[in-house]
Every structure is written in C-alpha cells, then in structure tokens.
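Encoded as structure tokens, the structure appears first; notes follow it.
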Amino acid sequence: MTLNATAQDQISFNCDTQAVLSVDRDGKVTQFLPGKIYFDIKDNILTFGKIGYITDDTISIIFINKNKFYAFDSVQSLLFENGLFHHVVATFEGLTAVQAKCITSET
C-alpha cells in the first residue's frame, strides 16, 4: 500500500554520512570527510537544509512511507530505505555519490 505524503506531517531527517565521493570529468576521485545532511519531506517534496553536504535543493520523491522513498530524474537518483540514504548526482563537472545513515522525527 502506498501512503501519500500530503496526508503526513512534515518529517525531518538528520543524517551522518558514511561515504561522500566525487569523480571529476578527468576521472580524479575525491573522498570527503564524514559530515552531516539534513532534509525534510512534506507534500512529496524533499528539501535539503541550509547546512551539510547537500544544501538548498529540492527534489520530488515517490513516498512509500517514512522508511522508504525514492526519486529519479535526468541528473540525480535518490533512495532511502530503513535509515540508509543513497544519493547520486551527475553534472558536466562530474559525479558525486553520498551514502548516509539517518534518523527521523515527525513534526
């Protein structure tokens, strides 16, 4: 059964990155230090916070429940399941992949 996020209150996520890798267009790989990611979900829109590795961005998601949602578009993919967050972004400059463990709170 699919739940509709519009019937839900806002859900907030606080994440600790486990891996943040970037590959530039020349193939150089950079691994970043552990950090934080914050985001909220309301009305099937995921909004990243003002601080952390990913900031001030939004993405429409397919919301299954607060433990599972995903998004795919032409430049990025996002999967969240049971506290594990995976996000990959491809640009003309390169590719960035983030993996994190998250906890949630409903407001």
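By convention in this document, the chains of the structure tokens carry letters A, B, ... by their order, each chain's residues are numbered from 1, and ligands are numbered from 1 in the order they are shown.
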
Residues of chain A in strand (DSSP E), written as a PyMOL selection string: chain A and resi 11-24+29-31+36-42+45-52+58-60+62-65+68-72+76-81+84-91+94-106

Residue among A:Ile37, A:Val89, A:Ile61, A:Leu21 lying closest to A:Ile103, counting only C-alpha atoms: A:Ile37

Long-range neighbours of A:Thr30 as a PyMOL selection string, 9 Å cut-off, only C-alpha atoms, 5 positions minimum in chain: chain A and resi 20-24

Selection near A:Thr96, 12 Å with only C-alpha atoms, sequence-local residues under 6 positions removed, as JSON, numbers by chain: {"A": [19, 20, 21, 22, 23, 24, 25, 27, 28, 29, 30, 31, 32, 53, 54, 75, 76, 77, 78, 86, 87, 88, 89, 90]}

Residues within 7 Å of A:Lys36, only C-alpha atoms, excluding chain neighbours under 3 positions, as a list of chain:residue names: A:Cys15, A:Asp16, A:Thr17, A:Gly52, A:Tyr53

Within 9 Å of A:Lys66 using only C-alpha atoms, minus same-chain residues under 6 positions, as a PyMOL selection string: chain A and resi 5+11+41+81-82+104

Export of prior selection with N, CA, C and O atoms as a PDB file, in the first residue's frame:
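Okay, this is what ended up in part-v4.pdb:
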```pdb
ATOM      1  N   ALA A   5       2.294  11.366   1.034  1.00  0.00           N
ATOM      2  CA  ALA A   5       2.971  12.250   1.985  1.00  0.00           C
ATOM      3  C   ALA A   5       2.139  13.475   2.314  1.00  0.00           C
ATOM      4  O   ALA A   5       2.337  14.092   3.342  1.00  0.00           O
ATOM      5  N   ILE A  11       8.201  15.466   7.910  1.00  0.00           N
ATOM      6  CA  ILE A  11       9.139  14.522   8.500  1.00  0.00           C
ATOM      7  C   ILE A  11      10.533  15.092   8.305  1.00  0.00           C
ATOM      8  O   ILE A  11      10.897  15.476   7.192  1.00  0.00           O
ATOM      9  N   ILE A  41      10.694  16.276   4.508  1.00  0.00           N
ATOM     10  CA  ILE A  41       9.751  15.846   3.474  1.00  0.00           C
ATOM     11  C   ILE A  41       8.369  16.350   3.852  1.00  0.00           C
ATOM     12  O   ILE A  41       7.914  16.169   4.975  1.00  0.00           O
ATOM     13  N   GLU A  81      15.930   3.847   2.405  1.00  0.00           N
ATOM     14  CA  GLU A  81      15.221   2.675   2.905  1.00  0.00           C
ATOM     15  C   GLU A  81      15.789   2.279   4.256  1.00  0.00           C
ATOM     16  O   GLU A  81      17.000   2.074   4.396  1.00  0.00           O
ATOM     17  N   ASN A  82      14.901   2.216   5.252  1.00  0.00           N
ATOM     18  CA  ASN A  82      15.240   1.769   6.603  1.00  0.00           C
ATOM     19  C   ASN A  82      16.469   2.485   7.172  1.00  0.00           C
ATOM     20  O   ASN A  82      17.374   1.859   7.701  1.00  0.00           O
ATOM     21  N   THR A 104      14.941   9.863  11.943  1.00  0.00           N
ATOM     22  CA  THR A 104      13.802  10.718  11.570  1.00  0.00           C
ATOM     23  C   THR A 104      13.082  11.240  12.788  1.00  0.00           C
ATOM     24  O   THR A 104      13.172  10.684  13.867  1.00  0.00           O
TER      25      THR A 104
END
```

Separation of atom CA of A:Lys68 from atom CA of A:Leu84, in Å and rounded to one decimal: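 Computing it gives 9.3 Å between the two atoms.
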
Residue nearest A:Asp9 - candidates A:Ser74, A:Asn44, A:Ser60, A:Gln99, atoms counted: only C-alpha atoms: A:Asn44

From A:Val98, A:Ser105, A:Ile64, A:Ile51, residue lying nearest A:Leu33 [only C-alpha atoms]: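 Closest to A:Leu33 of all the choices is A:Val98.
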
Atomic distance atom CA of A:Tyr70 - atom CA of A:Gln18, expressed in Å with one decimal: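 Atom CA of A:Tyr70 sits 19.0 Å away from atom CA of A:Gln18.
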
For A:Asp40: contacts at 7 Å, only C-alpha atoms, fewer than 4 positions along chain excluded, given as a list in words: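 Surrounding residues, per the criterion: Gln10, Ile11, Ser12, Phe13, Leu46, Thr47 and Phe48 of chain A.
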
Writer output for current selection, all heavy atoms, as an mmCIF file, in the first residue's frame:
```
data_model
loop_
_atom_site.group_PDB
_atom_site.id
_atom_site.type_symbol
_atom_site.label_atom_id
_atom_site.label_comp_id
_atom_site.auth_asym_id
_atom_site.auth_seq_id
_atom_site.Cartn_x
_atom_site.Cartn_y
_atom_site.Cartn_z
ATOM 1 N N GLN A 10 5.093 17.056 8.369
ATOM 2 C CA GLN A 10 6.462 17.143 7.876
ATOM 3 C C GLN A 10 7.329 16.142 8.631
ATOM 4 O O GLN A 10 7.206 15.976 9.836
ATOM 5 C CB GLN A 10 6.999 18.556 8.084
ATOM 6 C CG GLN A 10 8.434 18.712 7.633
ATOM 7 C CD GLN A 10 8.875 20.141 7.677
ATOM 8 O OE1 GLN A 10 8.301 20.971 6.985
ATOM 9 N NE2 GLN A 10 9.859 20.435 8.490
ATOM 10 N N ILE A 11 8.201 15.466 7.910
ATOM 11 C CA ILE A 11 9.139 14.522 8.500
ATOM 12 C C ILE A 11 10.533 15.092 8.305
ATOM 13 O O ILE A 11 10.897 15.476 7.192
ATOM 14 C CB ILE A 11 9.034 13.133 7.854
ATOM 15 C CG1 ILE A 11 7.602 12.608 7.947
ATOM 16 C CG2 ILE A 11 9.994 12.160 8.509
ATOM 17 C CD1 ILE A 11 7.365 11.345 7.144
ATOM 18 N N SER A 12 11.316 15.147 9.366
ATOM 19 C CA SER A 12 12.673 15.685 9.313
ATOM 20 C C SER A 12 13.683 14.556 9.470
ATOM 21 O O SER A 12 13.449 13.599 10.208
ATOM 22 C CB SER A 12 12.879 16.711 10.430
ATOM 23 O OG SER A 12 12.009 17.803 10.250
ATOM 24 N N PHE A 13 14.808 14.695 8.781
ATOM 25 C CA PHE A 13 15.862 13.684 8.789
ATOM 26 C C PHE A 13 17.195 14.330 9.146
ATOM 27 O O PHE A 13 17.529 15.394 8.642
ATOM 28 C CB PHE A 13 15.985 13.024 7.411
ATOM 29 C CG PHE A 13 14.773 12.244 7.011
ATOM 30 C CD1 PHE A 13 13.646 12.885 6.512
ATOM 31 C CD2 PHE A 13 14.747 10.868 7.123
ATOM 32 C CE1 PHE A 13 12.515 12.174 6.147
ATOM 33 C CE2 PHE A 13 13.623 10.146 6.755
ATOM 34 C CZ PHE A 13 12.506 10.802 6.265
ATOM 35 N N LEU A 46 11.158 16.610 -1.125
ATOM 36 C CA LEU A 46 12.276 16.527 -0.204
ATOM 37 C C LEU A 46 13.069 17.820 -0.339
ATOM 38 O O LEU A 46 13.447 18.209 -1.446
ATOM 39 C CB LEU A 46 13.157 15.331 -0.552
ATOM 40 C CG LEU A 46 14.336 15.038 0.357
ATOM 41 C CD1 LEU A 46 14.584 13.537 0.419
ATOM 42 C CD2 LEU A 46 15.579 15.756 -0.090
ATOM 43 N N THR A 47 13.306 18.489 0.780
ATOM 44 C CA THR A 47 14.041 19.754 0.793
ATOM 45 C C THR A 47 15.250 19.613 1.699
ATOM 46 O O THR A 47 15.108 19.322 2.889
ATOM 47 C CB THR A 47 13.153 20.910 1.301
ATOM 48 O OG1 THR A 47 11.981 20.980 0.476
ATOM 49 C CG2 THR A 47 13.890 22.235 1.252
ATOM 50 N N PHE A 48 16.441 19.805 1.120
ATOM 51 C CA PHE A 48 17.668 19.750 1.903
ATOM 52 C C PHE A 48 17.813 21.027 2.713
ATOM 53 O O PHE A 48 17.363 22.101 2.310
ATOM 54 C CB PHE A 48 18.884 19.562 0.991
ATOM 55 C CG PHE A 48 18.953 18.196 0.378
ATOM 56 C CD1 PHE A 48 18.559 17.991 -0.931
ATOM 57 C CD2 PHE A 48 19.405 17.107 1.115
ATOM 58 C CE1 PHE A 48 18.608 16.725 -1.503
ATOM 59 C CE2 PHE A 48 19.454 15.839 0.553
ATOM 60 C CZ PHE A 48 19.057 15.654 -0.749
#
```

Between atom CA of A:Gly35 and atom CA of A:Cys102, distance in Å (one decimal):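 Between these atoms lies a distance of 11.9 Å.
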
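For the residues A:Asp56, A:Ile62, A:Asp73, A:Lys101, ranking by smallest atom-to-atom distance to A:Phe85 using only C-alpha atoms places A:Lys101 first.
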